[in-house]
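Structure file target-v2.txt (compact mmCIF, C-alpha atoms) follows.
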# COMPACT_ATOMS: atom_id res chain seq x y z
CA MET K 27 -11.13 21.04 31.44
CA SER K 28 -9.35 22.41 28.43
CA LEU K 29 -5.68 21.76 27.85
CA ILE K 30 -4.88 25.43 28.37
CA GLU K 31 -6.58 25.49 31.77
CA GLU K 32 -4.76 22.30 32.72
CA LEU K 33 -1.43 23.81 31.74
CA GLY K 34 -2.27 26.91 33.74
CA ASN K 35 -2.89 24.76 36.79
CA GLU K 36 0.39 22.97 36.30
CA LEU K 37 2.50 26.04 35.65
CA GLY K 38 0.98 28.08 38.45
CA LYS K 39 1.00 27.69 42.18
CA LYS K 40 -1.05 24.92 43.70
CA LYS K 41 -2.73 27.13 46.24
CA LEU K 42 -3.51 30.81 46.22
CA PRO K 43 -4.05 32.92 49.33
CA ASN K 44 -7.63 33.60 50.31
CA ILE K 45 -7.86 37.29 49.49
CA HIS K 46 -10.61 39.72 48.60
CA VAL K 47 -10.85 43.24 47.31
CA GLY K 48 -10.51 45.73 50.18
CA ASP K 49 -8.25 43.54 52.29
CA THR K 50 -5.11 44.99 53.76
CA VAL K 51 -2.31 42.66 52.76
CA GLU K 52 1.43 42.13 53.14
CA VAL K 53 2.93 41.00 49.85
CA HIS K 54 6.22 39.15 50.31
CA TYR K 55 8.12 39.96 47.15
CA LEU K 56 11.57 38.62 46.35
CA ILE K 57 13.82 41.36 45.06
CA ARG K 58 17.37 41.25 43.79
CA GLU K 59 19.90 43.74 45.09
CA GLY K 60 23.06 43.23 43.09
CA GLU K 61 24.02 39.66 43.95
CA LYS K 62 21.84 39.25 47.01
CA GLU K 63 18.17 38.39 47.12
CA ARG K 64 15.84 39.41 49.86
CA VAL K 65 12.15 39.54 50.61
CA GLN K 66 10.53 42.94 50.50
CA LEU K 67 7.18 43.64 52.10
CA PHE K 68 4.63 45.75 50.31
CA ILE K 69 1.76 46.58 52.63
CA GLY K 70 -1.41 48.10 51.26
CA THR K 71 -5.04 47.71 50.24
CA ILE K 72 -6.16 45.49 47.39
CA LEU K 73 -7.88 47.74 44.87
CA ALA K 74 -8.71 45.08 42.33
CA ILE K 75 -8.26 41.45 41.42
CA GLN K 76 -7.73 41.02 37.69
CA GLY K 77 -7.48 38.10 35.31
CA ARG K 78 -8.08 34.44 35.94
CA GLY K 79 -6.12 31.26 35.91
CA ILE K 80 -2.40 31.73 35.71
CA ALA K 81 -2.78 35.38 34.69
CA LYS K 82 -4.51 36.37 37.93
CA SER K 83 -3.04 39.47 39.51
CA ILE K 84 -3.81 41.98 42.25
CA VAL K 85 -3.45 45.76 42.39
CA VAL K 86 -2.16 46.89 45.78
CA ARG K 87 -2.18 50.54 46.81
CA ARG K 88 -0.43 52.21 49.69
CA ILE K 89 0.50 55.75 50.63
CA VAL K 90 4.25 56.37 50.82
CA GLN K 91 5.24 59.81 52.17
CA GLY K 92 1.96 61.32 51.07
CA GLU K 93 2.26 59.87 47.60
CA GLY K 94 0.00 57.05 46.44
CA VAL K 95 1.89 54.00 45.15
CA GLU K 96 0.23 51.16 43.31
CA ARG K 97 1.87 47.89 42.37
CA ILE K 98 0.50 45.01 40.37
CA PHE K 99 1.52 41.54 41.51
CA PRO K 100 0.92 38.39 39.46
CA LEU K 101 -0.32 35.95 42.08
CA HIS K 102 1.28 32.99 40.33
CA GLY K 103 4.61 34.74 39.83
CA PRO K 104 7.61 32.97 41.40
CA ARG K 105 8.75 36.24 42.98
CA VAL K 106 5.53 36.66 44.93
CA GLN K 107 6.27 34.38 47.83
CA ASP K 108 3.30 35.03 50.04
CA VAL K 109 0.31 37.32 50.44
CA LYS K 110 -0.76 37.65 54.06
CA VAL K 111 -4.05 39.25 55.02
CA THR K 112 -3.75 41.52 58.03
CA ARG K 113 -7.26 42.97 57.89
CA ARG K 114 -10.44 42.07 56.04
CA GLY K 115 -12.13 45.06 54.42
CA LYS K 116 -15.85 45.66 54.13
CA VAL K 117 -16.50 46.85 50.60
CA ARG K 118 -19.41 47.00 48.16
CA ARG K 119 -17.45 47.24 44.93
CA ALA K 120 -15.26 44.85 42.95
CA ARG K 121 -12.84 47.64 42.06
CA LEU K 122 -11.94 50.28 44.61
CA TYR K 123 -10.60 52.84 42.19
CA TYR K 124 -12.49 55.57 44.04
CA LEU K 125 -9.81 55.37 46.73
CA ARG K 126 -7.40 57.07 44.32
CA ASP K 127 -9.36 60.30 44.55
CA ARG K 128 -9.40 60.31 48.32
CA VAL K 129 -6.86 61.70 50.75
CA GLY K 130 -6.23 61.28 54.47
CA LYS K 131 -8.75 59.54 56.64
CA LYS K 132 -11.15 58.92 53.79
CA THR K 133 -8.77 56.38 52.24
CA ARG K 134 -9.59 53.89 54.98
CA VAL K 135 -11.66 50.84 54.26
CA THR K 136 -13.84 49.70 57.16
CA GLU K 137 -12.89 46.39 58.65
CA LEU K 138 -15.06 43.40 58.04
CA VAL K 139 -15.91 41.75 61.32
CA GLY K 140 -18.31 39.05 62.27
CA GLU K 141 -18.78 35.34 62.41
CA LYS K 142 -17.38 34.69 58.94
CA VAL K 143 -14.05 36.35 59.62
CA ARG K 144 -13.75 34.63 62.99
CA ARG K 145 -14.39 31.27 61.39
CA GLU K 146 -11.83 32.06 58.69
CA ARG K 147 -9.20 32.92 61.28
CA VAL K 148 -9.78 29.67 63.11
CA ALA K 149 -9.59 27.71 59.86
CA ALA K 150 -6.37 29.45 58.85
CA LYS K 151 -4.84 28.71 62.23
CA LEU K 152 -5.83 25.04 62.06
CA GLU K 153 -4.38 24.82 58.58
CA LEU K 154 -1.08 26.31 59.71
CA GLU K 155 -0.91 23.84 62.56
CA ALA K 156 -1.68 20.95 60.23
CA GLU K 157 1.06 22.08 57.86
CA ALA K 158 3.52 22.40 60.71
CA ALA K 159 2.59 18.90 61.88
CA LEU K 160 3.14 17.56 58.36
CA VAL K 161 6.56 19.20 58.15
CA ALA K 162 7.46 17.81 61.56
CA ALA K 163 6.30 14.35 60.53
CA ALA K 164 8.34 14.56 57.34
CA LYS K 165 11.40 15.50 59.37
CA GLN K 166 10.88 12.55 61.63
CA ASP K 167 10.66 10.33 58.58
CA ASP K 168 13.99 11.58 57.36
CA SER K 169 15.73 11.16 60.69
CA ASN K 170 14.74 7.66 61.82
CA THR K 171 13.65 6.17 58.45
CA ASP K 172 10.29 4.99 59.65
CA PRO K 173 9.19 1.81 57.83
CA GLU K 174 5.65 3.17 57.56
CA PRO K 175 5.91 6.85 56.71
CA GLU K 176 2.29 7.05 55.63
CA ALA K 177 1.07 6.00 59.02
CA VAL K 178 3.00 8.85 60.55
CA LYS K 179 1.44 11.37 58.18
CA VAL K 180 -2.06 10.27 59.11
CA MET D 23 16.06 22.90 8.71
CA THR D 24 13.26 21.21 10.54
CA LEU D 25 9.52 21.08 10.06
CA ILE D 26 6.70 19.78 12.16
CA LEU D 27 2.95 20.03 11.71
CA GLY D 28 0.64 20.77 14.58
CA ARG D 29 -2.48 22.29 15.96
CA LYS D 30 -2.77 25.57 17.83
CA LYS D 31 -4.29 24.90 21.25
CA GLY D 32 -4.42 28.41 22.70
CA MET D 33 -2.36 30.83 24.71
CA THR D 34 -1.13 30.93 28.27
CA GLN D 35 1.85 32.36 30.09
CA VAL D 36 5.02 31.07 31.69
CA PHE D 37 7.15 32.81 34.27
CA ALA D 38 10.85 33.50 33.90
CA ASP D 39 13.14 33.32 36.93
CA ASP D 40 13.27 37.09 37.23
CA GLY D 41 9.51 37.19 37.76
CA THR D 42 8.58 38.49 34.32
CA HIS D 43 5.96 36.55 32.44
CA ILE D 44 6.07 35.52 28.80
CA GLY D 45 2.92 35.07 26.74
CA VAL D 46 3.16 31.77 24.88
CA THR D 47 1.11 29.91 22.32
CA VAL D 48 0.72 26.21 22.99
CA VAL D 49 1.00 24.11 19.83
CA GLU D 50 0.28 20.41 19.89
CA ALA D 51 2.97 19.34 17.44
CA GLY D 52 3.15 15.91 15.91
CA PRO D 53 3.54 13.03 15.84
CA CYS D 54 3.87 13.39 12.07
CA VAL D 55 4.61 10.65 9.57
CA VAL D 56 7.18 11.08 6.82
CA THR D 57 5.10 10.30 3.74
CA GLN D 58 7.69 10.99 1.09
CA VAL D 59 11.36 11.83 0.72
CA ARG D 60 12.14 13.83 -2.37
CA THR D 61 15.66 13.76 -3.77
CA GLN D 62 17.61 15.67 -6.38
CA GLU D 63 17.71 12.68 -8.70
CA THR D 64 14.02 11.80 -8.73
CA ASP D 65 12.30 15.13 -8.14
CA GLY D 66 14.89 17.79 -8.92
CA TYR D 67 15.08 19.00 -5.32
CA ASN D 68 15.58 17.66 -1.80
CA ALA D 69 12.64 17.68 0.56
CA ILE D 70 10.63 15.70 3.04
CA GLN D 71 6.87 15.48 3.11
CA LEU D 72 5.02 15.15 6.40
CA GLY D 73 1.44 14.09 7.13
CA TYR D 74 -0.59 15.00 10.20
CA VAL D 75 -4.10 14.20 11.55
CA ASP D 76 -5.60 10.84 10.58
CA THR D 77 -8.62 10.81 8.32
CA THR D 78 -10.58 8.15 6.49
CA GLU D 79 -9.91 6.86 3.02
CA LYS D 80 -13.30 8.23 1.98
CA ARG D 81 -12.12 11.77 2.58
CA VAL D 82 -9.03 11.72 0.39
CA THR D 83 -8.78 11.58 -3.39
CA LYS D 84 -7.91 8.26 -4.99
CA PRO D 85 -4.39 9.32 -6.03
CA LEU D 86 -3.71 10.49 -2.46
CA ALA D 87 -5.16 7.28 -1.01
CA GLY D 88 -2.70 5.36 -3.18
CA HIS D 89 0.10 7.60 -1.96
CA PHE D 90 -0.70 6.82 1.68
CA LYS D 91 -1.11 3.12 0.95
CA LYS D 92 2.40 3.06 -0.45
CA VAL D 93 3.72 4.48 2.83
CA GLY D 94 1.56 2.09 4.82
CA THR D 95 -0.08 4.71 7.00
CA ALA D 96 -3.62 5.96 7.56
CA PRO D 97 -4.67 8.79 5.21
CA LYS D 98 -3.71 12.22 6.57
CA ARG D 99 -5.58 15.50 6.41
CA PHE D 100 -2.63 17.83 6.47
CA LEU D 101 0.31 17.25 4.10
CA ARG D 102 3.19 19.66 3.88
CA GLU D 103 6.67 19.64 2.40
CA GLU D 104 9.91 21.01 3.74
CA ARG D 105 12.71 21.80 1.31
CA LEU D 106 16.14 20.76 2.47
CA PRO D 107 19.60 21.94 1.39
CA LYS D 108 20.89 18.35 1.30
CA PRO D 109 19.31 14.89 1.08
CA ALA D 110 17.14 14.03 4.07
CA SER D 111 18.43 11.68 6.77
CA VAL D 112 14.96 10.32 7.55
CA GLU D 113 13.13 7.54 5.78
CA VAL D 114 9.57 7.14 4.59
CA GLY D 115 7.23 5.94 7.34
CA GLU D 116 9.30 7.37 10.17
CA THR D 117 7.52 9.32 12.91
CA ILE D 118 8.58 12.84 13.83
CA THR D 119 7.73 14.29 17.25
CA CYS D 120 7.99 17.71 18.79
CA GLU D 121 11.41 16.81 20.17
CA VAL D 122 12.96 17.90 16.89
CA PHE D 123 12.84 21.36 18.46
CA ALA D 124 14.60 22.32 21.65
CA GLU D 125 14.22 25.20 24.05
CA GLY D 126 15.66 28.39 22.59
CA ASP D 127 15.19 27.46 18.93
CA VAL D 128 13.93 30.22 16.67
CA VAL D 129 11.04 29.21 14.46
CA ASP D 130 8.62 30.49 11.84
CA VAL D 131 4.99 29.48 12.23
CA ILE D 132 2.71 29.25 9.21
CA GLY D 133 -1.04 29.08 9.63
CA THR D 134 -4.33 30.21 8.19
CA THR D 135 -5.58 33.45 9.73
CA LYS D 136 -9.05 33.76 11.22
CA GLY D 137 -11.63 34.53 8.53
CA ARG D 138 -13.31 37.91 9.00
CA GLY D 139 -15.63 37.80 6.01
CA PHE D 140 -16.26 40.94 3.97
CA ALA D 141 -14.48 43.63 5.95
CA GLY D 142 -14.30 47.40 5.46
CA THR D 143 -11.13 49.40 5.00
CA ILE D 144 -10.79 50.23 8.69
CA LYS D 145 -10.57 46.62 9.83
CA ARG D 146 -8.88 45.32 6.71
CA HIS D 147 -6.24 47.97 6.07
CA GLY D 148 -6.21 50.04 9.23
CA PHE D 149 -7.67 53.19 7.64
CA ALA D 150 -8.67 56.00 9.98
CA ARG D 151 -12.35 56.65 10.48
CA GLY D 152 -14.11 59.98 10.05
CA PRO D 153 -15.88 61.97 12.77
CA LYS D 154 -18.85 60.28 14.43
CA THR D 155 -20.99 63.42 14.77
CA HIS D 156 -21.31 67.07 13.72
CA GLY D 157 -23.13 66.12 10.55
CA SER D 158 -20.41 63.78 9.41
CA MET D 159 -21.49 61.44 6.63
CA ASN D 160 -18.04 59.87 6.52
CA TYR D 161 -17.89 57.62 9.58
CA ARG D 162 -16.34 54.44 8.16
CA ARG D 163 -16.08 55.30 4.48
CA PRO D 164 -12.85 54.73 2.58
CA GLY D 165 -12.63 58.30 1.21
CA SER D 166 -11.38 59.20 -2.23
CA ILE D 167 -10.05 56.35 -4.33
CA GLY D 168 -8.18 58.49 -6.84
CA ALA D 169 -8.01 61.59 -8.97
CA SER D 170 -10.43 62.52 -11.78
CA ALA D 171 -9.61 63.21 -15.43
CA TYR D 172 -6.10 61.93 -15.09
CA PRO D 173 -5.63 58.97 -14.68
CA ALA D 174 -9.39 58.51 -15.20
CA ARG D 175 -9.23 55.08 -13.58
CA VAL D 176 -8.57 53.50 -10.20
CA PHE D 177 -5.06 52.17 -9.79
CA LYS D 178 -4.58 48.44 -9.45
CA GLY D 179 -3.99 47.31 -5.90
CA LYS D 180 -5.95 50.22 -4.41
CA ARG D 181 -6.82 49.16 -0.87
CA MET D 182 -10.56 48.72 -0.58
CA ALA D 183 -13.16 46.73 1.33
CA GLY D 184 -13.33 43.02 0.60
CA HIS D 185 -12.70 39.56 1.94
CA PHE D 186 -10.32 39.58 4.89
CA GLY D 187 -8.62 36.75 6.71
CA ASN D 188 -8.71 33.01 6.05
CA SER D 189 -5.41 33.37 4.24
CA ARG D 190 -1.97 31.86 4.73
CA CYS D 191 0.19 33.83 7.10
CA THR D 192 3.72 33.37 8.45
CA THR D 193 4.85 34.71 11.79
CA LYS D 194 8.62 34.88 11.74
CA ASN D 195 11.34 34.46 14.34
CA LEU D 196 9.43 33.19 17.36
CA GLU D 197 11.31 31.56 20.18
CA VAL D 198 10.55 28.09 21.49
CA VAL D 199 10.22 28.65 25.22
CA ARG D 200 9.52 25.11 26.35
CA VAL D 201 9.09 21.62 24.89
CA ASP D 202 6.76 19.15 26.59
CA ALA D 203 7.77 15.84 25.04
CA GLY D 204 5.31 13.80 27.12
CA ARG D 205 2.25 15.47 25.63
CA GLY D 206 3.92 16.61 22.43
CA LEU D 207 3.52 20.32 23.12
CA LEU D 208 5.57 23.27 21.96
CA PHE D 209 5.39 26.53 23.88
CA ILE D 210 6.13 29.29 21.40
CA LYS D 211 6.70 32.86 22.52
CA GLY D 212 4.12 35.26 21.16
CA ALA D 213 1.08 34.85 18.94
CA VAL D 214 0.59 32.45 16.07
CA PRO D 215 -1.84 32.87 13.14
CA GLY D 216 -5.20 31.17 13.16
CA PRO D 217 -7.96 30.11 15.52
CA LYS D 218 -7.61 27.61 18.37
CA GLY D 219 -7.54 24.18 16.83
CA GLY D 220 -6.16 25.56 13.56
CA LEU D 221 -3.50 23.57 11.73
CA VAL D 222 -0.05 25.14 11.68
CA GLN D 223 3.43 24.40 10.40
CA VAL D 224 6.34 25.08 12.71
CA GLN D 225 9.70 25.30 10.99
CA THR D 226 13.20 26.56 11.62
CA ALA D 227 13.36 30.31 11.04
CA ARG D 228 14.34 31.25 7.50
CA THR D 229 15.58 34.78 7.93
CA GLY D 230 17.15 37.01 10.53
CA ALA D 231 20.31 36.97 12.57
CA GLN D 232 18.99 34.30 14.90
CA ARG D 233 18.84 31.69 12.18
CA SER D 234 20.31 28.62 13.80
CA ASN D 235 21.69 26.53 10.91

Here is a file; write its structure as structure tokens.
Amino acid sequence: MSLIEELGNELGKKKLPNIHVGDTVEVHYLIREGEKERVQLFIGTILAIQGRGIAKSIVVRRIVQGEGVERIFPLHGPRVQDVKVTRRGKVRRARLYYLRDRVGKKTRVTELVGEKVRRERVAAKLELEAEAALVAAAKQDDSNTDPEPEAVKV
Amino acid sequence: MTLILGRKKGMTQVFADDGTHIGVTVVEAGPCVVTQVRTQETDGYNAIQLGYVDTTEKRVTKPLAGHFKKVGTAPKRFLREERLPKPASVEVGETITCEVFAEGDVVDVIGTTKGRGFAGTIKRHGFARGPKTHGSMNYRRPGSIGASAYPARVFKGKRMAGHFGNSRCTTKNLEVVRVDAGRGLLFIKGAVPGPKGGLVQVQTARTGAQRSN
């Protein structure tokens, strides 16, 4: 691996969400309102995934009050807290720019269903549970200072 | 006034707290060896000379080999001087690392630009091209190079096709965004002349309001 790729891995997030073009996603974006910070949701369809490494970004499109709105989110950006997939889309293109020319019902992307998606959902659920267990174990470690914290993690 | 020699490794980006990203060039800077300290008395000016990248004795000229022997270091490929306003505080044989720069410093970077060979006026000087079609015979031609009977010659310095690139170039007033002392890396905001792996000099900025000392 080249030094630049290595640096990209270090500077970026360790894990990226499993997303594809055509998915309907919720982007959790941290915004600043005066002094306060809060998480804003941007819900829409992924039109394109651009770039690679630390420069990877997604284009998300949604319709707000009849007006199409597109936002580009750098996936490794510190302000992008999470990208949650609410629906897998069935698409045959890498870039869904044709959706820009469509209005109304035609803007929908058909949902991808089938064994693969089901398996993915199960895997995601298991992962969440495992993470929760890890967090719980870590908490236990902190509270009663277990002499063998590694054993608890396993 | 600080100088360090290094090698351009490539570009990447870092994120600021407000979510914006900054394109940075990664430069592997140092460690450099001080090969000579020039003083007002002996040389007529104050300067330090740095060497970077080890090479073999076979690859340097005999006078240079002697020069390195005197310092007691391996022969170096890349030797550059930095003029100083007052006598240097370093001594011959000392090692200089990238920690001479800190985050927020403003620097000039000197390198050798990518060679583009024999290039036309469009690439070399940014001339406009002619129409592609409609019988145009003037697609990438330079156009007229002067008047006729008077002056009856082409003026010196007329921009024409010729060798482009592979020349010394300075990019001024770039900000040091991050310093990675462990690996000896400088993250410099923006682009830096030369190809990846090209040798560059990074020095304190010479001009501009941001000049730090």

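The residue that comes closest to Lys31 (chain D), out of D:Thr226, D:Tyr74, D:Phe90, D:Val49 and on the basis of all atoms listed in the file, is D:Val49.
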
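Minimum atom-to-atom distances from D:Thr64, D:Glu79, D:Met33, D:Gln71 to Leu33 (chain K) were compared using all atoms listed in the file, and the lowest value belongs to D:Met33.
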
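With all atoms listed in the file as the atoms that count, the minimum distance from Tyr123 (chain K) to the choices K:Gln66, K:Asn44, K:Ser28, K:Thr71 is reached by K:Thr71.
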
Inset, instruction - Specify as a ChimeraX atom specification all residues of chain D found within 10 Å of chain K, counting all atoms listed in the file. - result: /D:31-43,45,47-48

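Distances here use all atoms listed in the file; by that measure, the residue among D:Ala124, D:Ala150, D:Val129, D:Met182 closest to Lys211 (chain D) is D:Val129.
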
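Note that the spacing between CA of Gly184 (chain D) and CA of Thr134 (chain D) amounts to 17.4 Å.
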
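Going from CA of Val224 (chain D) to CA of Arg205 (chain D) covers 16.6 Å.
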
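The space between CA of Glu104 (chain D) and CA of Arg138 (chain D) spans 29.2 Å.
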
Inset, instruction - Find the residues near Thr95 (chain D): any atom within 12 Å, counting only C-alpha atoms, skip ones fewer than 5 places away on the same chain, and give them as a PyMOL selection string. - result: chain D and resi 54-58+72-79+86-90+114-117

Inset, instruction - Show which residues sit within 12 Å of region 48-54 of chain K, as an NGL selection string. Count only C-alpha atoms, and ignore same-chain residues fewer than 2 positions away. - result: :K and (43-46 or 56-57 or 64-75 or 84-88 or 97-101 or 103-125 or 133-139 or 143)

Legend entry - Nearest to Ala213 (chain D), chosen from D:Gly179, D:Gly187, D:Gly133, D:Gly152, with only C-alpha atoms counted in the distances: D:Gly133

File contents for region 191-209 of chain D with N, CA and C atoms as a short mmCIF file (atom, residue, chain, number, x, y, z; two decimals), in the first residue's frame:
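Output file selection.cif is given in full below:
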data_model
loop_
_atom_site.label_atom_id
_atom_site.label_comp_id
_atom_site.auth_asym_id
_atom_site.auth_seq_id
_atom_site.Cartn_x
_atom_site.Cartn_y
_atom_site.Cartn_z
N CYS D 191 10.65 25.70 -10.00
CA CYS D 191 9.43 26.45 -9.78
C CYS D 191 9.20 26.63 -8.29
N THR D 192 8.77 27.80 -7.87
CA THR D 192 8.49 28.06 -6.46
C THR D 192 7.00 28.31 -6.29
N THR D 193 6.39 27.60 -5.36
CA THR D 193 5.01 27.90 -4.99
C THR D 193 5.07 28.62 -3.66
N LYS D 194 4.52 29.84 -3.64
CA LYS D 194 4.71 30.69 -2.47
C LYS D 194 3.53 30.63 -1.51
N ASN D 195 3.84 30.91 -0.25
CA ASN D 195 2.85 31.12 0.80
C ASN D 195 1.85 29.98 0.95
N LEU D 196 2.36 28.78 1.18
CA LEU D 196 1.49 27.64 1.47
C LEU D 196 1.52 27.41 2.98
N GLU D 197 0.40 26.96 3.50
CA GLU D 197 0.30 26.77 4.94
C GLU D 197 0.64 25.33 5.30
N VAL D 198 1.37 25.17 6.40
CA VAL D 198 1.61 23.83 6.94
C VAL D 198 0.39 23.46 7.77
N VAL D 199 -0.32 22.41 7.33
CA VAL D 199 -1.56 22.05 7.99
C VAL D 199 -1.32 21.08 9.14
N ARG D 200 -0.32 20.21 8.97
CA ARG D 200 -0.07 19.21 10.00
C ARG D 200 1.39 18.77 9.90
N VAL D 201 1.97 18.39 11.03
CA VAL D 201 3.33 17.86 11.05
C VAL D 201 3.28 16.49 11.71
N ASP D 202 3.73 15.48 11.00
CA ASP D 202 3.79 14.13 11.55
C ASP D 202 5.25 13.82 11.86
N ALA D 203 5.64 14.06 13.11
CA ALA D 203 7.05 13.93 13.47
C ALA D 203 7.50 12.48 13.43
N GLY D 204 6.60 11.55 13.75
CA GLY D 204 6.95 10.13 13.80
C GLY D 204 7.48 9.64 12.46
N ARG D 205 6.78 9.99 11.39
CA ARG D 205 7.19 9.53 10.07
C ARG D 205 7.91 10.61 9.28
N GLY D 206 8.08 11.78 9.88
CA GLY D 206 8.77 12.87 9.21
C GLY D 206 7.99 13.42 8.03
N LEU D 207 6.69 13.64 8.23
CA LEU D 207 5.86 14.12 7.12
C LEU D 207 5.35 15.52 7.39
N LEU D 208 5.32 16.32 6.33
CA LEU D 208 4.69 17.64 6.39
C LEU D 208 3.46 17.60 5.51
N PHE D 209 2.34 18.10 6.02
CA PHE D 209 1.13 18.21 5.23
C PHE D 209 1.00 19.67 4.85
#
